[in-house]
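Student: Hey, dropping run-v2.cif in here, mmCIF, C-alpha atoms:
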```
data_work
#
loop_
_atom_site.label_atom_id
_atom_site.label_comp_id
_atom_site.auth_asym_id
_atom_site.auth_seq_id
_atom_site.Cartn_x
_atom_site.Cartn_y
_atom_site.Cartn_z
CA MET A 1 69.86 121.58 107.34
CA ASP A 2 72.51 118.96 106.61
CA ASN A 3 75.69 119.75 104.67
CA LYS A 4 74.50 118.21 101.42
CA LYS A 5 71.26 120.17 101.37
CA ALA A 6 73.09 123.34 102.40
CA LEU A 7 75.59 122.95 99.55
CA LYS A 8 72.88 122.33 96.97
CA LYS A 9 70.97 125.37 98.22
CA GLN A 10 74.12 127.51 98.11
CA MET A 11 74.85 126.39 94.54
CA ALA A 12 71.26 127.08 93.47
CA GLN A 13 71.24 130.56 95.05
CA ASN A 14 74.37 131.41 93.07
CA ASN A 15 72.94 129.83 89.90
CA LEU A 16 75.82 127.34 89.81
CA HIS A 17 76.00 123.76 88.61
CA PHE A 18 78.46 120.94 89.34
CA ASN A 19 80.89 120.73 86.45
CA LYS A 20 81.47 117.11 85.43
CA ALA A 21 84.14 118.12 82.92
CA LEU A 22 86.23 119.53 85.79
CA GLY A 23 85.65 116.45 87.93
CA GLN A 24 83.78 118.40 90.60
CA ASN A 25 82.74 116.31 93.59
CA PHE A 26 82.48 118.53 96.66
CA LEU A 27 83.28 117.02 100.06
CA THR A 28 80.51 117.56 102.63
CA ASP A 29 81.31 115.01 105.36
CA ASP A 30 82.35 116.80 108.58
CA GLY A 31 84.26 113.77 109.85
CA ILE A 32 86.43 113.53 106.74
CA LEU A 33 87.00 117.30 106.69
CA ASP A 34 88.21 117.03 110.29
CA GLU A 35 90.53 114.14 109.31
CA ILE A 36 92.13 116.34 106.64
CA ILE A 37 92.56 119.23 109.06
CA GLY A 38 94.15 116.87 111.58
CA ALA A 39 96.58 115.48 109.00
CA ALA A 40 97.64 119.02 108.02
CA CYS A 41 98.81 119.73 111.61
CA LEU A 42 97.98 123.43 111.43
CA ASP A 43 98.94 126.24 113.78
CA ASP A 44 99.29 130.04 113.68
CA ASN A 45 102.58 129.74 111.78
CA THR A 46 101.32 127.37 109.07
CA ASN A 47 100.97 128.55 105.47
CA VAL A 48 98.57 126.57 103.29
CA LEU A 49 98.21 126.26 99.52
CA GLU A 50 94.83 124.74 98.74
CA ILE A 51 94.19 123.35 95.28
CA GLY A 52 90.59 123.11 94.10
CA PRO A 53 88.65 124.67 97.01
CA GLY A 54 85.36 124.03 95.20
CA ALA A 55 82.56 125.43 97.35
CA GLY A 56 84.98 126.26 100.19
CA ALA A 57 83.99 123.72 102.86
CA LEU A 58 87.62 122.84 103.60
CA THR A 59 88.86 126.41 103.10
CA LEU A 60 86.49 127.59 105.84
CA ARG A 61 88.16 125.14 108.22
CA LEU A 62 91.69 126.02 107.12
CA ALA A 63 91.33 129.80 107.39
CA PRO A 64 90.81 130.14 111.18
CA ARG A 65 93.60 127.67 111.92
CA ALA A 66 96.42 128.76 109.55
CA LYS A 67 98.64 131.80 109.21
CA LYS A 68 97.63 132.26 105.57
CA VAL A 69 95.63 130.28 103.01
CA VAL A 70 95.93 130.71 99.26
CA ALA A 71 93.37 128.70 97.32
CA VAL A 72 93.79 128.12 93.58
CA GLU A 73 90.49 127.44 91.80
CA LEU A 74 90.14 126.78 88.07
CA ASP A 75 86.37 127.26 87.81
CA THR A 76 85.76 130.99 87.30
CA SER A 77 82.06 130.65 88.15
CA LEU A 78 82.89 129.60 91.74
CA ILE A 79 85.04 132.64 92.55
CA PRO A 80 82.25 135.06 93.60
CA MET A 81 80.69 132.47 95.92
CA LEU A 82 84.07 131.59 97.44
CA THR A 83 84.98 135.24 97.90
CA GLU A 84 81.71 135.91 99.70
CA SER A 85 81.98 132.82 101.91
CA LEU A 86 85.53 133.71 102.97
CA SER A 87 85.02 137.47 103.32
CA ALA A 88 85.46 137.28 107.11
CA TYR A 89 89.04 135.99 106.78
CA SER A 90 91.70 138.53 105.84
CA ASN A 91 94.35 135.78 105.78
CA THR A 92 92.73 134.01 102.82
CA LYS A 93 93.20 134.68 99.11
CA ILE A 94 91.45 133.07 96.14
CA ILE A 95 93.36 132.80 92.87
CA ASN A 96 91.48 131.90 89.70
CA ASN A 97 93.99 129.82 87.75
CA ASP A 98 94.93 126.35 86.56
CA ILE A 99 97.41 124.88 89.05
CA LEU A 100 99.17 123.04 86.22
CA LYS A 101 99.99 126.43 84.65
CA VAL A 102 101.03 128.18 87.86
CA ASP A 103 104.71 128.93 88.51
CA LEU A 104 104.87 127.45 92.00
CA LYS A 105 108.12 129.14 92.99
CA ASN A 106 106.79 132.57 92.09
CA LEU A 107 103.54 131.82 93.91
CA ILE A 108 105.34 130.80 97.10
CA ASP A 109 107.69 133.80 96.92
CA GLU A 110 104.91 136.31 96.28
CA GLU A 111 102.19 134.98 98.57
CA PHE A 112 104.19 133.39 101.40
CA ASN A 113 107.48 135.32 101.28
CA GLY A 114 109.29 132.07 100.52
CA GLU A 115 108.21 130.51 103.83
CA PRO A 116 107.44 126.76 104.13
CA VAL A 117 104.00 125.75 102.89
CA ARG A 118 101.70 122.76 103.32
CA VAL A 119 99.54 121.75 100.39
CA VAL A 120 95.94 120.62 100.82
CA ALA A 121 93.99 119.44 97.79
CA ASN A 122 90.86 117.57 96.75
CA LEU A 123 92.16 116.58 93.32
CA PRO A 124 90.03 115.87 90.24
CA TYR A 125 90.64 112.22 89.41
CA TYR A 126 91.43 112.85 85.74
CA ILE A 127 94.50 115.00 86.47
CA THR A 128 95.71 113.54 89.78
CA THR A 129 99.08 112.28 88.58
CA PRO A 130 100.13 115.43 86.64
CA ILE A 131 99.33 117.64 89.63
CA ILE A 132 101.14 115.45 92.16
CA MET A 133 104.23 115.16 89.95
CA LYS A 134 104.26 118.93 89.39
CA LEU A 135 104.14 119.53 93.14
CA LEU A 136 106.94 117.05 93.80
CA GLU A 137 109.23 118.01 90.93
CA GLU A 138 108.87 121.79 91.28
CA ASN A 139 108.71 121.72 95.09
CA PRO A 140 109.64 125.29 96.09
CA GLY A 141 109.47 124.59 99.82
CA PHE A 142 106.56 122.32 100.63
CA GLU A 143 106.65 120.58 104.00
CA SER A 144 103.83 118.19 103.27
CA ILE A 145 101.09 117.48 100.74
CA ILE A 146 97.68 116.23 101.88
CA VAL A 147 95.54 115.17 98.92
CA MET A 148 92.22 113.48 98.29
CA VAL A 149 92.54 111.06 95.38
CA GLN A 150 90.82 107.96 94.04
CA LYS A 151 91.42 105.05 96.45
CA GLU A 152 93.12 102.94 93.79
CA VAL A 153 95.60 105.75 93.14
CA ALA A 154 96.18 106.28 96.86
CA ASP A 155 97.01 102.59 97.28
CA ARG A 156 99.60 102.95 94.53
CA LEU A 157 101.07 106.15 95.96
CA ALA A 158 101.46 104.63 99.42
CA ALA A 159 102.73 101.25 98.22
CA ILE A 160 106.26 100.02 98.89
CA PRO A 161 108.42 100.06 95.73
CA GLY A 162 108.80 96.49 94.59
CA GLY A 163 105.78 95.40 96.61
CA LYS A 164 102.07 94.88 96.01
CA ASN A 165 100.10 97.63 94.20
CA CYS A 166 103.21 99.53 93.10
CA GLY A 167 103.34 101.41 89.81
CA ALA A 168 105.77 103.81 88.17
CA ILE A 169 104.44 106.71 90.26
CA THR A 170 105.11 104.72 93.46
CA TYR A 171 108.85 105.06 92.84
CA SER A 172 108.64 108.77 92.02
CA VAL A 173 106.66 109.48 95.18
CA ASN A 174 109.02 107.35 97.28
CA TYR A 175 112.01 109.26 95.88
CA TYR A 176 110.61 112.62 96.96
CA CYS A 177 108.64 111.82 100.10
CA GLU A 178 107.22 109.39 102.62
CA ALA A 179 103.59 108.52 101.96
CA GLN A 180 100.88 107.33 104.32
CA LYS A 181 97.15 106.78 103.99
CA VAL A 182 95.05 108.94 106.30
CA VAL A 183 91.51 107.69 105.70
CA ASP A 184 89.36 106.01 103.06
CA VAL A 185 86.34 107.99 101.94
CA PRO A 186 83.02 106.54 100.67
CA PRO A 187 81.20 108.04 97.67
CA GLU A 188 78.37 109.38 99.84
CA ALA A 189 80.77 111.83 101.49
CA PHE A 190 80.58 113.97 98.33
CA VAL A 191 78.03 115.92 96.31
CA PRO A 192 77.57 114.72 93.68
CA ALA A 193 78.68 111.24 94.76
CA PRO A 194 81.46 109.74 92.58
CA LYS A 195 81.23 106.12 91.44
CA VAL A 196 84.36 105.06 93.33
CA TRP A 197 85.86 105.27 96.81
CA SER A 198 88.44 107.94 97.56
CA SER A 199 91.30 108.23 100.04
CA VAL A 200 93.14 111.01 101.80
CA ILE A 201 96.89 110.55 101.62
CA LYS A 202 99.69 112.53 103.26
CA LEU A 203 103.06 113.01 101.60
CA ASP A 204 105.87 114.26 103.85
CA LEU A 205 108.66 115.74 101.73
CA ARG A 206 112.13 114.34 102.32
CA ASP A 207 115.12 116.58 103.07
CA ASN A 208 117.24 114.24 100.95
CA PRO A 209 116.32 111.44 98.50
CA PRO A 210 116.76 107.87 99.82
CA VAL A 211 119.03 106.83 96.93
CA GLU A 212 121.98 108.29 95.07
CA CYS A 213 121.58 108.63 91.33
CA GLU A 214 123.67 110.24 88.61
CA ASN A 215 120.66 111.68 86.78
CA VAL A 216 117.16 111.90 88.27
CA ASN A 217 115.51 112.30 84.87
CA HIS A 218 117.26 109.19 83.58
CA LEU A 219 116.17 107.24 86.67
CA PHE A 220 112.52 108.17 86.16
CA GLU A 221 112.69 107.47 82.41
CA LEU A 222 114.11 104.04 83.25
CA ILE A 223 111.28 103.34 85.69
CA LYS A 224 108.67 104.59 83.22
CA ALA A 225 110.07 102.32 80.50
CA ALA A 226 110.04 99.34 82.87
CA PHE A 227 106.31 99.80 83.49
CA LEU A 228 105.18 100.44 79.92
CA MET A 229 104.76 96.70 79.34
CA ARG A 230 104.21 95.20 82.79
CA ARG A 231 103.96 91.60 81.56
CA LYS A 232 107.38 91.75 79.94
CA THR A 233 110.70 91.40 81.72
CA LEU A 234 112.81 94.39 82.63
CA LEU A 235 115.38 93.18 80.09
CA ASN A 236 112.90 93.31 77.22
CA CYS A 237 111.28 96.58 78.30
CA ILE A 238 114.54 98.50 78.63
CA SER A 239 116.35 97.05 75.62
CA ASN A 240 113.37 98.04 73.45
CA SER A 241 113.15 101.55 74.87
CA ASN A 242 113.95 104.48 72.59
CA THR A 243 114.59 106.78 75.55
CA ILE A 244 117.05 104.66 77.55
CA LYS A 245 119.08 103.39 74.58
CA CYS A 246 120.69 100.41 76.29
CA ASP A 247 121.12 97.25 74.22
CA LYS A 248 120.18 93.85 75.60
CA GLU A 249 123.74 92.53 76.03
CA THR A 250 124.85 95.60 77.97
CA LEU A 251 121.81 95.37 80.23
CA LYS A 252 122.41 91.64 80.76
CA SER A 253 125.93 92.46 81.89
CA ILE A 254 124.68 95.16 84.28
CA LEU A 255 122.03 92.90 85.80
CA SER A 256 124.58 90.12 86.24
CA GLU A 257 127.01 92.46 87.97
CA LEU A 258 124.26 93.59 90.35
CA GLY A 259 123.09 90.04 91.01
CA ILE A 260 119.65 90.68 89.50
CA SER A 261 117.87 87.98 87.50
CA GLU A 262 117.43 88.51 83.75
CA THR A 263 113.81 87.37 84.09
CA ILE A 264 112.79 89.94 86.69
CA ARG A 265 110.00 92.39 85.95
CA GLY A 266 110.28 96.09 86.76
CA GLU A 267 107.54 95.97 89.39
CA ALA A 268 109.68 93.60 91.50
CA LEU A 269 112.65 95.99 91.76
CA THR A 270 113.31 98.34 94.65
CA LEU A 271 114.06 102.04 94.15
CA THR A 272 117.66 101.33 95.16
CA GLU A 273 118.01 98.67 92.45
CA PHE A 274 116.56 100.99 89.81
CA ALA A 275 119.01 103.70 90.87
CA LYS A 276 121.97 101.31 90.61
CA ILE A 277 120.87 100.15 87.13
CA SER A 278 120.41 103.75 86.00
CA ASN A 279 123.84 104.76 87.30
CA MET A 280 125.54 101.83 85.59
CA ILE A 281 123.81 102.48 82.25
CA ILE A 282 124.97 106.12 82.37
CA LYS A 283 128.49 104.95 83.27
CA ARG A 284 128.62 102.47 80.36
CA GLN A 285 127.30 105.07 77.92
CA SER A 286 129.96 107.59 78.97
CA VAL A 287 132.86 105.22 78.27
#
```
Any chance you could put this one into structure tokens?

Tutor:
Amino acid sequence: MDNKKALKKQMAQNNLHFNKALGQNFLTDDGILDEIIGAACLDDNTNVLEIGPGAGALTLRLAPRAKKVVAVELDTSLIPMLTESLSAYSNTKIINNDILKVDLKNLIDEEFNGEPVRVVANLPYYITTPIIMKLLEENPGFESIIVMVQKEVADRLAAIPGGKNCGAITYSVNYYCEAQKVVDVPPEAFVPAPKVWSSVIKLDLRDNPPVECENVNHLFELIKAAFLMRRKTLLNCISNSNTIKCDKETLKSILSELGISETIRGEALTLTEFAKISNMIIKRQSV
């Protein structure tokens, strides 16, 4: 029996249904599962936090290769099936919770004794960005994050700040880590099949950010404001922002001092240029 038929049979035997509201598309392609395992670079000393194990296809590959696997699953109805499937592995624990509500530091301390952890996740498309930003901002000791996301989002995450396909999240990801695409995934690799292609992306956490900034929150608010109206210039976006509070003349002066054109759009700036603008705005406001 192939993986798709086996999954459907397993779901039917447990009287379970795929939950569209939770964005459930379960990966069944052995080749893609192997690609994810390869990207995770597992050994006997590797701790893994899996987000959204679904029916457990990936968890069953992680368990025999890792030191410990903790899988956080939101769908309560899947827990009995997951528990049964993973009963042979004493190094695996299923937690029924919403990852967006989990205190990551407490989780890492309690389940992994504060040791380094690698994250593996097949993320629901509708909450991809909130989960990724939570992982990056709260990072309690992650070494890397391997996630399955919509291909369009993966292209944005792996883009070069200031280059093609970049968005506000490109800069946030680049600040915290180095991103690389692992593999593109067709719809037929899932059950049920989504309407779009997906991609596996690997984020390697940096020891230190690539730029110096006075206030990280201010930097990200600046970037967010610059992308709210992509067709408008940086000058217009920032001077009209209620969060940055920098008038047009002050910003003109800052851009001139940095040798940046007044007609430039936010998407054309590098992370370093955003950091310099943020630092100078903070400096002017403190005078």

Student: Determine the nearest neighbour of Lys224 (chain A) from the options A:Glu262, A:Asp247, A:Glu267, A:Asp103, counting only C-alpha atoms.

Tutor: A:Glu267

Student: How far is it from CA of Ala193 (chain A) to CA of Lys101 (chain A), in Å with one decimal?

Tutor: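 It comes out at 28.1 Å.
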
Student: Once the PyMOL selection byres ((chain A and resi 229) around 12) has been applied to the shown file, what residues remain in the selection, as a PyMOL selection string?

Tutor: chain A and resi 167-168+223-228+230-238+240-241+265-267

Student: Give me the residues within 8 Å of His218 (chain A) as a PyMOL selection string, counting only C-alpha atoms and dropping any in the same chain fewer than 3 places off.

Tutor: chain A and resi 215+221-222+244+278

Student: List the residues selected by the PyMOL selection byres ((chain A and resi 30) around 12) in the file shown, writing them as number ranges by chain.

Tutor: A: 2-4, 27-29, 31-37, 57-58, 60-61, 185, 189-190

Student: Excluding same-chain residues fewer than 2 positions from Val119 (chain A), what lies within 12 Å of it counting only C-alpha atoms, as a ChimeraX atom specification?

Tutor: /A:36-37,39-42,46-53,59,62,66,68-72,99,104,108,116-117,121-123,131-132,135-136,139-148,201-205

Student: Record the distance separating CA of Met280 (chain A) and CA of Ala158 (chain A), expressed in Å with one decimal.

Tutor: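 For CA of Met280 (chain A) relative to CA of Ala158 (chain A), the distance reads 27.9 Å.
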
Student: Distance table requested - region 161-258 of chain A against region 124-128 of chain A, cut-off 12 Å, only C-alpha atoms: one row per qualifying residue with the closest atom pair and its distance in Å to one decimal, ordered by chain and rising residue number, as CSV.

Tutor:
```
residue,atom,partner,partner_atom,distance
A:Ile169,CA,A:Thr128,CA,11.1
A:Pro194,CA,A:Tyr125,CA,10.0
A:Lys195,CA,A:Tyr125,CA,11.4
A:Val196,CA,A:Tyr125,CA,10.3
A:Trp197,CA,A:Tyr125,CA,11.2
A:Ser198,CA,A:Tyr125,CA,9.5
A:Ser199,CA,A:Tyr125,CA,11.4
```

Student: Quick one, how far is CA of Val200 (chain A) from CA of Pro187 (chain A)?

Tutor: 13.0 Å

Student: For this structure, which residues satisfy the selection - the PyMOL selection byres ((chain A and resi 283-287) around 9) - when it is evaluated on the file as given? I want them as a list in words.

Tutor: Glu214, Cys246, Thr250, Ser278, Asn279, Met280, Ile281 and Ile282 of chain A

Student: Of the candidates A:Ile277, A:Ile95, A:Ala88, A:Leu16, which shows the shortest atom-to-atom distance to Glu257 (chain A), using only C-alpha atoms?

Tutor: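 Comparing A:Ile277, A:Ile95, A:Ala88, A:Leu16 against Glu257 (chain A), the winner is A:Ile277.
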
Student: Between A:Asp98, A:Arg65, A:Ala55, A:Ala21, which one has atoms that come closest to Leu86 (chain A), using all atoms listed in the file?

Tutor: A:Ala55

Student: Please identify all polymer residues within 9 Å of Ala275 (chain A), counting only C-alpha atoms, omitting same-chain residues fewer than 6 positions from it, and present them as a list of chain:residue names.

Tutor: A:Val211, A:Glu212, A:Cys213, A:Glu214, A:Val216, A:Leu219

Student: Using only C-alpha atoms, find all polymer residues with an atom at most 12 Å away from the point (115.7, 99.4, 97.7); report them as a VMD selection string.

Tutor: chain A and resid 160 to 163 171 174 to 175 210 to 212 268 to 277

Student: From the options A:Phe112, A:Tyr176, A:Tyr89, A:Phe26, which residue's atoms come nearest to Ala63 (chain A), counting all atoms listed in the file?

Tutor: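 Of all the options, A:Tyr89 lies closest to Ala63 (chain A).
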
Student: With all atoms listed in the file as the atoms that count, which of A:Lys134, A:Arg156, A:Lys105, A:Lys5 lies nearest to Gln180 (chain A)?

Tutor: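 Nearest to Gln180 (chain A): A:Arg156.
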
Student: Looking at A:Ala154, A:Cys166, A:Leu82, A:Val191, which one is nearest to Ala179 (chain A), with distances taken over all atoms listed in the file?

Tutor: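 Closest to Ala179 (chain A) of all the choices is A:Ala154.
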